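Participant: Once you've had a glance at the structure underneath, I'll fire off some questions.
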Amino acid sequence: MTKTTSKKDKDKGQDPLLARPYKVSHQTLCITGVNFKHRAIIGYVELTIIPQKSTLSRVKLNSKQCRIYRVTVNGAEAAFDYSDPTLEVCQGDTRQRNLDYFSTCHVSAVGSVDSDMGNGELNIHVPHEVYSNVSDGRPLQVSIEFSLEKPKGGLQFVVPDMEGTMAERGAHVFSYGLENSSRLWFPCVDSYSELCTWKLEFTVDAAMTAVSCGDLVDTVFTADSKKKTFHYVLSIPTSAPNIAVAIGPFEILVDPHMHEVTYFCLPHLMSLLKNTADSIHRILEFYEELLSWRYPYSCYKAVFVDQSYENIGSYASLTVFNTNLLHTPRIIDQTPYTRRVIAYAVAQQFFGCYVCMHSWSDVWVGKGIAGYLLGQYIKKFFGKNEYRYWIHSEQQKLVHYETEKELVVLHSKDTSARGRYFHTRHPHTTSWIHSKMAARKSHLITRLVEQKIGFESLLQVFNKLLSLATSAASQKYTPTNWSNMLLSSASFVKLISTVSGKDIHLLLDQWVYQGGVVHFSGSFVFNRKRNLVELELNQKVGEHGIQKYVGPLTVTIQELDGSFNHNVQIEDNTTRHELVCHSKSRRNKKKKIPLVNGEEVDMDLSAMDADSPVLWIRIDPQLTLVRKVEWQQPDFMWQYQLRYERDIIAQHDSIIALEQFPTPASRLALTDILENESCFYRVRMEAAFCLSKVANAMVSSWMGPPAMMSMFKRMFCTQMYTNLIKCNNFSNLQGYFLQKTMPVAMGAVRDAHGRCPKDVLQFILQLIKYNDNGKNKFSDNYYRASLIDALAATVTPSVTMLDTSTDSRTEQALLPETKAVLEDVVRHLNLEKLLPCYQFTITVSCLKAIRTLQKNGHLPSNAALFKSYADPGQFVNVRLVAMEILADFVHVDEDEEVLGWLLDYVENDPIPYVRHKLLQLLIKNPPFTPKEESKLNKESLVERLWTTLNTGLSYDARLRCDLVDLYYTMFGRSRPSCLPPPEFGLLVNLKEKKAAAVLQEDDKASSSTGETHGVKRKAEADPLPPTTPLLTPSDPTLEVQPQEGSNKMRIKIKLGGGGKPPEEQAAGSPEVQKQQQQQEQLATPQAGLPQEPAASKVSDVSAAASKPRPDHKKSSSHPSPHPHQSNSKHHHEQSSSHKQKKKKKHKHKHKHKSKHGSHDDRGHGKPVRSPRP
């Protein structure tokens, strides 16, 4: 039985440890057979549960898509039943098509099987024979035999279509899923809060290897040596979502530097594995030294698989990586990305697997600590500049999301917390994009906690968390003490207070318990007489995603005598501050100027104000807030800041600001940064793109060769022949990234006519032609791909745009420049088929270039080429870029056939990662939005998406939430505009020149608007916003008259009246009174007269509107609360007095609630008409 909670406890949220009437102490998972041909597994589980209540009569477990054969409790056969409401979220409904309704049903369905609420899909009845064990509190052994065939989620079978045995073909299978998704492949208590010890057994073919969590204690072969069984034991209490397995013909590598670390990869990839895994032992050692704590598990296993759900899947002592992360020593660009991914996966072993979250609302703590540890790794191995650049970019992405889309509340004190169109109380109802942004915000807030309590204190907190978890894990026979291995917001805050003695509740109230970011805009004026800066700061409170900030703020002023910090107090939306300067104006005196890092430099001060000592001003330079700053200062200050400020965030802000100042001084400042080898490479890359924009704005006054061409020749071309590039030498990584970026930036340069200069195009073509990588120890595939991108950047719109449906321009009709671009792109595309490069990066760039030529009118807009590259069998990155282009086809050309083709892949593609990425591409570039008119906006599209959303994605919560995001992007929250208004009819009387609209009160619509007389669904916890009627009683020519004996109204729209108010017309016009009397006579059926069809002079369109649509086939199994609905004809033949009696009874029966509320009141929609005399 589930513990009942008071309203106060419900508002705070129920403790999942108290919701379950039992505690799992141990679980055995045994997979006795794996069939790759039929994509099936068979096995059993045994759970040792300890009753927490003497009245325990049912055991609810989680299990989806598994076929249950037999259940026993202590050896006795147990009855069980299965129910999964997520198979069809909106049950029994055939008319609602808005996301508010779906979201309410979705969260109700997920909550009804949520293990943290004591629920589950599998309901086991405890046999009477073991009731004595329950009353005595003795453990129960629950055994379940199950099988799983052709799973739609949870397990991914990868079986290449080729000849040979399964091992020779590289067939393998692995588990995957979103949080709380282990139920997809074995019965369990699918909750992070339910910890237990594990015994795992997997019987596979002799040529296969099974990799799972824990220690491998034995491997036993069968008598015929055709199969073998791997026995794993995990003695550390672990939750079911942190259990995984991977089975395949893996090649095994033991780390030579750390023998407890083992790597697994598919055949023929060992050389890539050795290079990729070379850094893992250093990552582990770094974290152990940082946390002053050893790696918590006795071993660590890293498995690289194909078609993974995402790049990393972290489980107890096991990480499942994507094979695409592997690389050779020759690859430059992939190396830093792979190391970051691996570092984050290792950090999750400490916080996320070993110390896991208490409930979903506490997920931000573990995610934040793991992200914070990743940041420390980046700072150590990639440098402080890379770390600050990463923090700044993460903050910018979060600011953009919160201000443009959704607020990110990390821990809501309200259990009904939700976004605009989805609930955030459970991982299976939360948008995937929102979850990623919440993880991003989590580590940013953890960094703010570090600034609040100090770096050393925060590390002590982490150490204490690991210490408490280790102490709890050692008590193997007292499961009640394992709660210290769970990490909650309250325990985290309490531990911070204990260790550091500081209170962070204000910080949490600002950034964790509410969403939004801070937005500052400001400017300053220098007061010469008082030698101070008059600063004005404004907060744009009231805009979406913006919260008000009250507290301290740091303002840094770089003066002639050094850099000085000023702490100002922000209290109102607009604040003014007077900051005294420490320097005097020097006029013509020359002296070196000290910078914030202690360096002294010479500056040319001729551009600045002679009476002011201020060089530049910065707001919140240390990123102590999650904020957006719009700061105004003269262009020369931005130029000084770009040249001499050593903080890369300040340089980045300067580059963004100088785009608005296209002057020769800005051009010179950007050029100096490009040529400065001591400057951070990412800043130099941004300066290149900014310089191209400045050059385009200065096209009328630009002097000399095109921007950056002379600079590129000095850096990378031979001295004797300046047009001939040197042989590639990428040993200088900063030079390599700059050599990749500058041609792309040059391709964006335009002349006075808006076209790319011929010199630039010819120069890029020569770079491609004379590219020589023969003596380079690094691969040049990314560099060649960037040159193709540079060619695409040179393309400008055609003078005569093609008619995509009829025109078929020949090669001879192309301009020479366009023809040269096309030939090079096609040559590289064909060459890739013979000599493919790493991850087909050149093919990806060539496909993008062809689409650029199409969009600019040089090639016919044909999707056939991109469809061929999007088919299964192509490399996943090539497929995704082809799908991205096809999504652009749908958006630009409104191609219904291509949209249907893409939706087929959304529904049926065998790789879940591709389906997920395709939906993300459609969300980023949707076919249309609610504000756009599109021929694609059809009822058939709505029905297809709604059907897939409702019933087609029950086994992949991420895909279902992705489709919710797409549905919202295209149609919004409310009912799609392409659908006809439900239950609306219009009666038009041409003779009397007036119209009457008949609105039928629908019970389902009433329940969705929260009206008391409607039938309310049990699943609807939150009332939906009422719909706006097409006509309102406030209109000056409208009258509403209730009809006796029925639940409908008659609305009369008068086409006239001379501009008088309706009240005056009704009071003073005899004709109006006469019409009203006639209308009342028509509204009341006369006894004894036959009910004939409507007269030919009355156009009745309400009948068509009141008929049920073809999709209204499902009806509730519950009896209708309106018995008189069963015979609509008989109802219309009743006398008016009898109808009034029925009406009273009808109101009483409306108070009863139905579970599904799917009854139909359409019989009342027909208007009552009397025969004409």
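Please note that chains go A, B, ... in the order of the structure tokens, that every chain numbers its residues from 1, and that ligands are numbered from 1 in the order shown.
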List as a VMD selection string the protein and nucleic acid residues near Cys581 in chain A, meaning an atom at most 9 Å away when only C-alpha atoms are counted, but skip any in the same chain fewer than 3 places from it.

Facilitator: chain A and resid 531 to 533 557 559 564 584 613 to 614

Participant: Write down as a ChimeraX atom specification the residues belonging to range 608-827 of chain A that are assigned helix (DSSP H, G or I) by DSSP computed on the backbone.

Facilitator: /A:635-644,648-658,664-675,681-697,709-716,733-747,758-769,781-794,811-813,816-827

Participant: Excluding range 601-609 of chain A and residues on its chain fewer than 3 positions from it, collect all residues at most 10 Å away from it, counting only C-alpha atoms, and give them as a ChimeraX atom specification.

Facilitator: /A:526,560,585-595,598,612-615,634-637,639-640,643-644,665

Participant: Got time to write the residues from that selection, N, CA, C and O atoms, as a CSV table (one decimal), in the first residue's frame?

Facilitator:
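Saved the output as out13.csv:
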```
chain,number,residue,atom,x,y,z
A,526,PHE,N,32.1,60.5,-18.3
A,526,PHE,CA,33.3,60.9,-17.4
A,526,PHE,C,33.1,62.3,-17.0
A,526,PHE,O,32.9,63.2,-17.8
A,560,LEU,N,44.8,54.7,-16.7
A,560,LEU,CA,46.2,54.9,-17.2
A,560,LEU,C,47.2,54.4,-16.1
A,560,LEU,O,48.3,53.9,-16.5
A,585,SER,N,44.6,62.5,-16.1
A,585,SER,CA,44.9,62.5,-17.5
A,585,SER,C,46.4,62.9,-17.7
A,585,SER,O,46.9,63.8,-17.1
A,586,ARG,N,47.0,62.3,-18.7
A,586,ARG,CA,48.5,62.5,-18.9
A,586,ARG,C,48.8,63.5,-20.0
A,586,ARG,O,49.9,63.9,-20.2
A,587,ARG,N,47.8,63.7,-20.8
A,587,ARG,CA,48.0,64.6,-22.0
A,587,ARG,C,49.1,64.0,-22.8
A,587,ARG,O,49.0,62.9,-23.4
A,588,ASN,N,50.3,64.6,-22.9
A,588,ASN,CA,51.3,64.2,-23.8
A,588,ASN,C,52.4,63.4,-23.1
A,588,ASN,O,53.5,63.1,-23.7
A,589,LYS,N,52.2,63.1,-21.8
A,589,LYS,CA,53.2,62.3,-21.1
A,589,LYS,C,53.2,60.9,-21.5
A,589,LYS,O,52.1,60.3,-21.7
A,590,LYS,N,54.3,60.3,-21.7
A,590,LYS,CA,54.4,58.9,-22.1
A,590,LYS,C,54.9,58.0,-21.0
A,590,LYS,O,55.9,58.3,-20.4
A,591,LYS,N,54.2,57.0,-20.7
A,591,LYS,CA,54.5,56.1,-19.6
A,591,LYS,C,53.9,54.7,-19.9
A,591,LYS,O,52.7,54.7,-20.4
A,592,LYS,N,54.5,53.6,-19.5
A,592,LYS,CA,53.9,52.3,-19.7
A,592,LYS,C,52.7,52.2,-18.8
A,592,LYS,O,52.7,52.6,-17.7
A,593,ILE,N,51.7,51.5,-19.3
A,593,ILE,CA,50.5,51.3,-18.6
A,593,ILE,C,50.4,49.9,-18.1
A,593,ILE,O,50.5,48.9,-18.8
A,594,PRO,N,50.2,49.8,-16.7
A,594,PRO,CA,50.1,48.4,-16.1
A,594,PRO,C,48.7,47.8,-16.4
A,594,PRO,O,47.7,48.5,-16.3
A,595,LEU,N,48.7,46.5,-16.7
A,595,LEU,CA,47.4,45.8,-17.0
A,595,LEU,C,47.0,45.0,-15.8
A,595,LEU,O,47.8,44.9,-14.8
A,598,GLY,N,49.5,42.4,-14.4
A,598,GLY,CA,50.8,42.9,-14.0
A,598,GLY,C,51.7,43.3,-15.1
A,598,GLY,O,52.8,43.9,-14.9
A,612,SER,N,40.5,62.4,-20.1
A,612,SER,CA,39.9,61.2,-19.4
A,612,SER,C,41.1,60.2,-19.2
A,612,SER,O,41.8,59.9,-20.2
A,613,PRO,N,41.2,59.6,-18.0
A,613,PRO,CA,42.2,58.5,-17.8
A,613,PRO,C,41.6,57.1,-18.1
A,613,PRO,O,42.3,56.1,-17.9
A,614,VAL,N,40.3,57.1,-18.5
A,614,VAL,CA,39.6,55.8,-18.6
A,614,VAL,C,39.9,55.2,-20.0
A,614,VAL,O,39.7,55.8,-21.0
A,615,LEU,N,40.4,54.0,-20.0
A,615,LEU,CA,40.7,53.3,-21.3
A,615,LEU,C,39.6,52.4,-21.7
A,615,LEU,O,39.2,52.3,-22.8
A,634,PRO,N,32.7,54.1,-26.4
A,634,PRO,CA,33.2,54.5,-27.7
A,634,PRO,C,34.1,53.4,-28.4
A,634,PRO,O,34.6,52.5,-27.7
A,635,ASP,N,34.2,53.5,-29.7
A,635,ASP,CA,34.9,52.5,-30.5
A,635,ASP,C,36.3,52.4,-30.1
A,635,ASP,O,36.9,51.3,-30.1
A,636,PHE,N,37.0,53.5,-29.8
A,636,PHE,CA,38.4,53.4,-29.4
A,636,PHE,C,38.6,52.6,-28.2
A,636,PHE,O,39.7,52.0,-28.0
A,637,MET,N,37.6,52.6,-27.2
A,637,MET,CA,37.8,51.8,-26.0
A,637,MET,C,37.7,50.3,-26.4
A,637,MET,O,38.4,49.5,-25.8
A,639,GLN,N,38.6,49.1,-29.1
A,639,GLN,CA,39.8,48.7,-29.8
A,639,GLN,C,41.0,48.5,-28.8
A,639,GLN,O,41.8,47.6,-28.9
A,640,TYR,N,41.0,49.4,-27.8
A,640,TYR,CA,42.0,49.3,-26.8
A,640,TYR,C,41.8,47.9,-26.0
A,640,TYR,O,42.8,47.2,-25.7
A,643,ARG,N,43.0,45.0,-28.1
A,643,ARG,CA,44.5,44.9,-28.2
A,643,ARG,C,45.2,44.5,-26.9
A,643,ARG,O,46.1,43.7,-26.9
A,644,TYR,N,44.7,45.1,-25.8
A,644,TYR,CA,45.6,45.0,-24.6
A,644,TYR,C,44.9,44.3,-23.4
A,644,TYR,O,45.7,43.9,-22.5
A,665,ALA,N,40.3,52.2,-38.1
A,665,ALA,CA,40.9,51.9,-36.8
A,665,ALA,C,40.4,50.5,-36.4
A,665,ALA,O,41.2,49.7,-35.9
```

Participant: Per residue of range 398-469 of chain A within 12 Å of range 167-190 of chain A, record the nearest atom pair and its distance in Å to one decimal, counting only C-alpha atoms, with rows in chain order and ascending residue number, as a tab-separated table.

Facilitator:
```
residue	atom	partner	partner_atom	distance
A:His426	CA	A:Glu179	CA	9.4
A:Pro427	CA	A:Glu179	CA	6.4
A:His428	CA	A:Glu179	CA	7.8
A:Thr429	CA	A:Leu178	CA	11.2
A:Thr430	CA	A:Leu178	CA	11.0
A:Ser431	CA	A:Leu178	CA	11.7
A:Trp432	CA	A:Leu178	CA	9.6
A:Ser435	CA	A:Leu178	CA	10.9
```

Participant: Using only C-alpha atoms, which of A:Arg618, A:Lys53, A:His916, A:Arg340 sits nearest Arg20 in chain A?

Facilitator: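 Closest to Arg20 in chain A, using only C-alpha atoms: A:Lys53.
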
Participant: Name all residues at most 8 Å from range 214-231 of chain A (count only C-alpha atoms; drop same-chain ones fewer than 3 positions away) and give them as a PyMOL selection string.

Facilitator: chain A and resi 199-206+210+234-235+297-299+316-317

Participant: For those residues, write N, CA and C atoms to a file as a short mmCIF file (atom, residue, chain, number, x, y, z; two decimals), in the first residue's frame.

Facilitator:
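The result, stored in again-v5.cif:
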```cif
data_model
loop_
_atom_site.label_atom_id
_atom_site.label_comp_id
_atom_site.auth_asym_id
_atom_site.auth_seq_id
_atom_site.Cartn_x
_atom_site.Cartn_y
_atom_site.Cartn_z
N LYS A 199 23.87 -9.43 -8.72
CA LYS A 199 24.55 -10.56 -9.33
C LYS A 199 24.06 -10.66 -10.76
N LEU A 200 24.98 -10.62 -11.71
CA LEU A 200 24.64 -10.52 -13.12
C LEU A 200 25.26 -11.71 -13.86
N GLU A 201 24.46 -12.41 -14.64
CA GLU A 201 24.91 -13.57 -15.40
C GLU A 201 24.43 -13.45 -16.84
N PHE A 202 25.33 -13.71 -17.79
CA PHE A 202 25.00 -13.59 -19.20
C PHE A 202 25.58 -14.79 -19.94
N THR A 203 24.72 -15.57 -20.57
CA THR A 203 25.15 -16.72 -21.36
C THR A 203 25.11 -16.35 -22.83
N VAL A 204 26.28 -16.42 -23.50
CA VAL A 204 26.42 -15.98 -24.88
C VAL A 204 27.20 -17.04 -25.66
N ASP A 205 27.30 -16.85 -26.97
CA ASP A 205 28.11 -17.73 -27.80
C ASP A 205 29.57 -17.66 -27.39
N ALA A 206 30.29 -18.70 -27.70
CA ALA A 206 31.69 -18.78 -27.27
C ALA A 206 32.55 -17.69 -27.89
N ALA A 210 30.62 -10.76 -22.97
CA ALA A 210 29.60 -9.97 -22.27
C ALA A 210 30.30 -9.06 -21.28
N LEU A 234 28.33 -7.18 -8.25
CA LEU A 234 28.45 -5.77 -7.90
C LEU A 234 28.04 -5.63 -6.44
N SER A 235 29.04 -5.56 -5.59
CA SER A 235 28.78 -5.53 -4.14
C SER A 235 28.46 -4.14 -3.63
N TYR A 297 35.11 2.34 -7.61
CA TYR A 297 34.90 0.95 -7.96
C TYR A 297 36.25 0.24 -8.10
N SER A 298 36.20 -1.09 -8.04
CA SER A 298 37.43 -1.86 -8.13
C SER A 298 37.93 -2.00 -9.56
N CYS A 299 37.11 -1.68 -10.54
CA CYS A 299 37.52 -1.75 -11.94
C CYS A 299 36.74 -0.73 -12.74
N ALA A 316 27.39 2.00 -13.60
CA ALA A 316 28.28 1.65 -12.50
C ALA A 316 29.49 0.88 -13.02
N SER A 317 30.67 1.47 -12.91
CA SER A 317 31.96 0.90 -13.34
C SER A 317 32.02 0.61 -14.84
#
```

Participant: Can you tell me which residues surround Met883 in chain A at a distance of at most 9 Å, considering only C-alpha atoms, apart from same-chain residues fewer than 3 positions away, and format the answer as JSON, numbers by chain?

Facilitator: {"A": [866, 867, 869, 870, 878, 879, 880, 886, 887, 888, 902, 918, 921]}

Participant: Please indicate the distance in Å from CA of Thr929 in chain A to CA of Val107 in chain A, rounded to one decimal place.

Facilitator: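 For CA of Thr929 in chain A relative to CA of Val107 in chain A, the distance reads 25.5 Å.
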
Participant: Give me the residues within 7 Å of Leu787 in chain A as a list in words, counting only C-alpha atoms and dropping any in the same chain fewer than 3 places off.

Facilitator: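 Near Leu787 in chain A, the qualifying residues are Pro743, Val744, Ile768, Tyr783, Arg784, Ala790 and Leu791 of chain A.
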
Participant: Can you spit out the residues from that selection as a PDB file, in the first residue's frame, using N, CA and C atoms?

Facilitator:
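Listing of part_16.pdb after writing:
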```
ATOM      1  N   PRO A 743      40.489  31.141 -44.999  1.00  0.00           N
ATOM      2  CA  PRO A 743      39.844  31.049 -46.322  1.00  0.00           C
ATOM      3  C   PRO A 743      38.318  31.131 -46.257  1.00  0.00           C
ATOM      4  N   VAL A 744      37.710  30.555 -45.225  1.00  0.00           N
ATOM      5  CA  VAL A 744      36.252  30.638 -45.101  1.00  0.00           C
ATOM      6  C   VAL A 744      35.822  32.080 -44.858  1.00  0.00           C
ATOM      7  N   ILE A 768      43.128  24.916 -53.124  1.00  0.00           N
ATOM      8  CA  ILE A 768      42.663  23.537 -53.285  1.00  0.00           C
ATOM      9  C   ILE A 768      43.547  22.777 -54.268  1.00  0.00           C
ATOM     10  N   TYR A 783      40.996  20.293 -43.058  1.00  0.00           N
ATOM     11  CA  TYR A 783      41.448  21.486 -43.785  1.00  0.00           C
ATOM     12  C   TYR A 783      40.848  21.517 -45.189  1.00  0.00           C
ATOM     13  N   ARG A 784      40.848  20.380 -45.882  1.00  0.00           N
ATOM     14  CA  ARG A 784      40.250  20.342 -47.220  1.00  0.00           C
ATOM     15  C   ARG A 784      38.740  20.590 -47.149  1.00  0.00           C
ATOM     16  N   ALA A 790      34.829  27.242 -47.884  1.00  0.00           N
ATOM     17  CA  ALA A 790      35.209  28.563 -48.389  1.00  0.00           C
ATOM     18  C   ALA A 790      34.658  28.775 -49.799  1.00  0.00           C
ATOM     19  N   LEU A 791      34.702  27.727 -50.630  1.00  0.00           N
ATOM     20  CA  LEU A 791      34.113  27.844 -51.966  1.00  0.00           C
ATOM     21  C   LEU A 791      32.617  28.127 -51.873  1.00  0.00           C
TER      22      LEU A 791
END
```

Participant: Do you know which residues are at most 12 Å from Val890 in chain A counting only C-alpha atoms, after dropping those on the same chain fewer than 4 positions away, and could you put them as a CSV table (one decimal) with N, CA, C and O atoms, in the first residue's frame?

Facilitator:
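So selection_11.csv came out as:
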```
chain,number,residue,atom,x,y,z
A,861,SER,N,16.5,23.0,-57.8
A,861,SER,CA,16.3,22.6,-56.5
A,861,SER,C,15.7,21.2,-56.5
A,861,SER,O,14.5,21.0,-56.6
A,862,ASN,N,16.6,20.2,-56.4
A,862,ASN,CA,16.3,18.8,-56.5
A,862,ASN,C,16.7,18.0,-55.3
A,862,ASN,O,17.9,18.2,-54.9
A,863,ALA,N,15.9,17.3,-54.7
A,863,ALA,CA,16.2,16.6,-53.5
A,863,ALA,C,16.7,15.2,-53.7
A,863,ALA,O,17.0,14.5,-52.7
A,883,MET,N,19.9,14.9,-44.2
A,883,MET,CA,18.6,15.2,-43.6
A,883,MET,C,18.4,16.6,-43.2
A,883,MET,O,17.3,17.2,-43.4
A,884,GLU,N,19.5,17.3,-42.8
A,884,GLU,CA,19.5,18.7,-42.5
A,884,GLU,C,19.1,19.5,-43.8
A,884,GLU,O,18.3,20.4,-43.7
A,885,ILE,N,19.7,19.1,-44.9
A,885,ILE,CA,19.4,19.8,-46.2
A,885,ILE,C,18.0,19.5,-46.6
A,885,ILE,O,17.3,20.4,-47.1
A,886,LEU,N,17.5,18.3,-46.4
A,886,LEU,CA,16.1,18.0,-46.8
A,886,LEU,C,15.1,18.7,-45.9
A,886,LEU,O,14.1,19.1,-46.4
A,894,GLU,N,8.5,24.1,-49.3
A,894,GLU,CA,7.2,23.6,-48.8
A,894,GLU,C,6.9,22.3,-49.5
A,894,GLU,O,5.8,22.1,-50.0
A,895,ASP,N,7.9,21.4,-49.5
A,895,ASP,CA,7.8,20.1,-50.3
A,895,ASP,C,7.1,19.1,-49.4
A,895,ASP,O,7.7,18.6,-48.4
A,896,GLU,N,5.9,18.8,-49.7
A,896,GLU,CA,5.1,17.8,-48.8
A,896,GLU,C,5.6,16.4,-49.0
A,896,GLU,O,5.7,15.7,-48.0
A,897,GLU,N,6.1,16.1,-50.2
A,897,GLU,CA,6.6,14.7,-50.4
A,897,GLU,C,7.9,14.5,-49.6
A,897,GLU,O,8.1,13.4,-48.9
A,898,VAL,N,8.8,15.5,-49.5
A,898,VAL,CA,10.0,15.3,-48.7
A,898,VAL,C,9.7,15.3,-47.2
A,898,VAL,O,10.3,14.6,-46.5
A,899,LEU,N,8.7,16.1,-46.8
A,899,LEU,CA,8.4,16.1,-45.4
A,899,LEU,C,7.8,14.7,-45.0
A,899,LEU,O,8.2,14.1,-43.9
A,900,GLY,N,7.0,14.1,-45.8
A,900,GLY,CA,6.5,12.8,-45.5
A,900,GLY,C,7.6,11.7,-45.5
A,900,GLY,O,7.7,10.8,-44.7
A,901,TRP,N,8.6,11.9,-46.4
A,901,TRP,CA,9.8,11.1,-46.5
A,901,TRP,C,10.6,11.1,-45.2
A,901,TRP,O,11.0,10.1,-44.6
A,902,LEU,N,10.8,12.3,-44.7
A,902,LEU,CA,11.5,12.5,-43.4
A,902,LEU,C,10.7,11.9,-42.3
A,902,LEU,O,11.3,11.3,-41.4
A,903,LEU,N,9.4,12.1,-42.2
A,903,LEU,CA,8.6,11.6,-41.1
A,903,LEU,C,8.7,10.0,-41.1
A,903,LEU,O,8.5,9.4,-40.1
A,921,LEU,N,16.8,18.4,-35.9
A,921,LEU,CA,17.0,19.3,-37.1
A,921,LEU,C,15.7,19.9,-37.6
A,921,LEU,O,15.6,21.1,-38.0
A,922,LEU,N,14.6,19.2,-37.5
A,922,LEU,CA,13.3,19.7,-37.8
A,922,LEU,C,12.8,20.8,-36.8
A,922,LEU,O,12.1,21.7,-37.2
A,925,ASN,N,14.9,23.9,-37.8
A,925,ASN,CA,14.5,24.5,-39.0
A,925,ASN,C,13.1,23.9,-39.4
A,925,ASN,O,13.0,23.1,-40.2
A,926,PRO,N,12.1,24.4,-38.7
A,926,PRO,CA,10.8,23.7,-38.8
A,926,PRO,C,10.1,24.0,-40.2
A,926,PRO,O,10.5,25.0,-40.9
A,927,PRO,N,9.3,23.1,-40.7
A,927,PRO,CA,8.6,23.3,-42.0
A,927,PRO,C,7.8,24.6,-42.0
A,927,PRO,O,7.7,25.3,-43.0
A,928,PHE,N,7.2,25.0,-40.8
A,928,PHE,CA,6.5,26.2,-40.7
A,928,PHE,C,6.3,26.5,-39.2
A,928,PHE,O,6.6,25.6,-38.3
A,934,SER,N,1.3,28.3,-44.5
A,934,SER,CA,2.0,27.2,-45.3
A,934,SER,C,1.0,26.2,-45.8
A,934,SER,O,0.0,25.9,-45.1
A,935,LYS,N,1.3,25.8,-47.0
A,935,LYS,CA,0.4,24.7,-47.6
A,935,LYS,C,0.6,23.4,-47.0
A,935,LYS,O,-0.2,22.4,-47.2
A,936,LEU,N,1.7,23.3,-46.2
A,936,LEU,CA,1.9,22.0,-45.5
A,936,LEU,C,1.1,21.9,-44.2
A,936,LEU,O,0.9,20.8,-43.7
A,937,ASN,N,0.5,23.0,-43.8
A,937,ASN,CA,-0.3,23.0,-42.5
A,937,ASN,C,-1.7,22.4,-42.9
A,937,ASN,O,-2.6,23.0,-43.2
```

Participant: One decimal, Å: what's the distance from CA of Arg915 in chain A over to CA of Gln395 in chain A, could you say?

Facilitator: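 Going from CA of Arg915 in chain A over to CA of Gln395 in chain A, I get 28.1 Å.
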
Participant: Calculate how many Å separate CA of Phe102 in chain A from CA of Gly545 in chain A, rounding to one decimal.

Facilitator: 24.6 Å

Participant: What residues in range 195-242 of chain A get the DSSP label strand (DSSP E or B)? Please answer as a PyMOL selection string.

Facilitator: chain A and resi 196-205+209-212+215-221+227-238

Participant: Which residue out of A:Ser977, A:His327, A:Ser521, A:Val130 has the minimum interatomic distance to Cys837 in chain A when only C-alpha atoms are used?

Facilitator: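 Selected residue with least distance to Cys837 in chain A: A:His327.
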
Participant: Given only C-alpha atoms as the basis, pick out the residue of A:Arg973, A:Lys529, A:His566, A:Lys833 nearest to Asp100 in chain A.

Facilitator: A:Arg973

Participant: For each of A:Leu290, A:Val699, A:Cys105, A:Ile342, take the minimum atom-to-atom distance to Thr86 in chain A, counting only C-alpha atoms, then give the residue where this is smallest.

Facilitator: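 So, comparing all the options, the nearest one is A:Cys105.
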
Participant: Which of these, A:Arg975, A:His268, A:His582, A:Arg958, has the shortest distance to Gly153 in chain A once you count only C-alpha atoms?

Facilitator: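 For Gly153 in chain A, the nearest of the candidates is A:Arg958.
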
Participant: Which residue is closest to Glu939 in chain A? Choose from A:Arg95, A:Ala687, A:Ile236, A:Val892 and count only C-alpha atoms.

Facilitator: A:Arg95
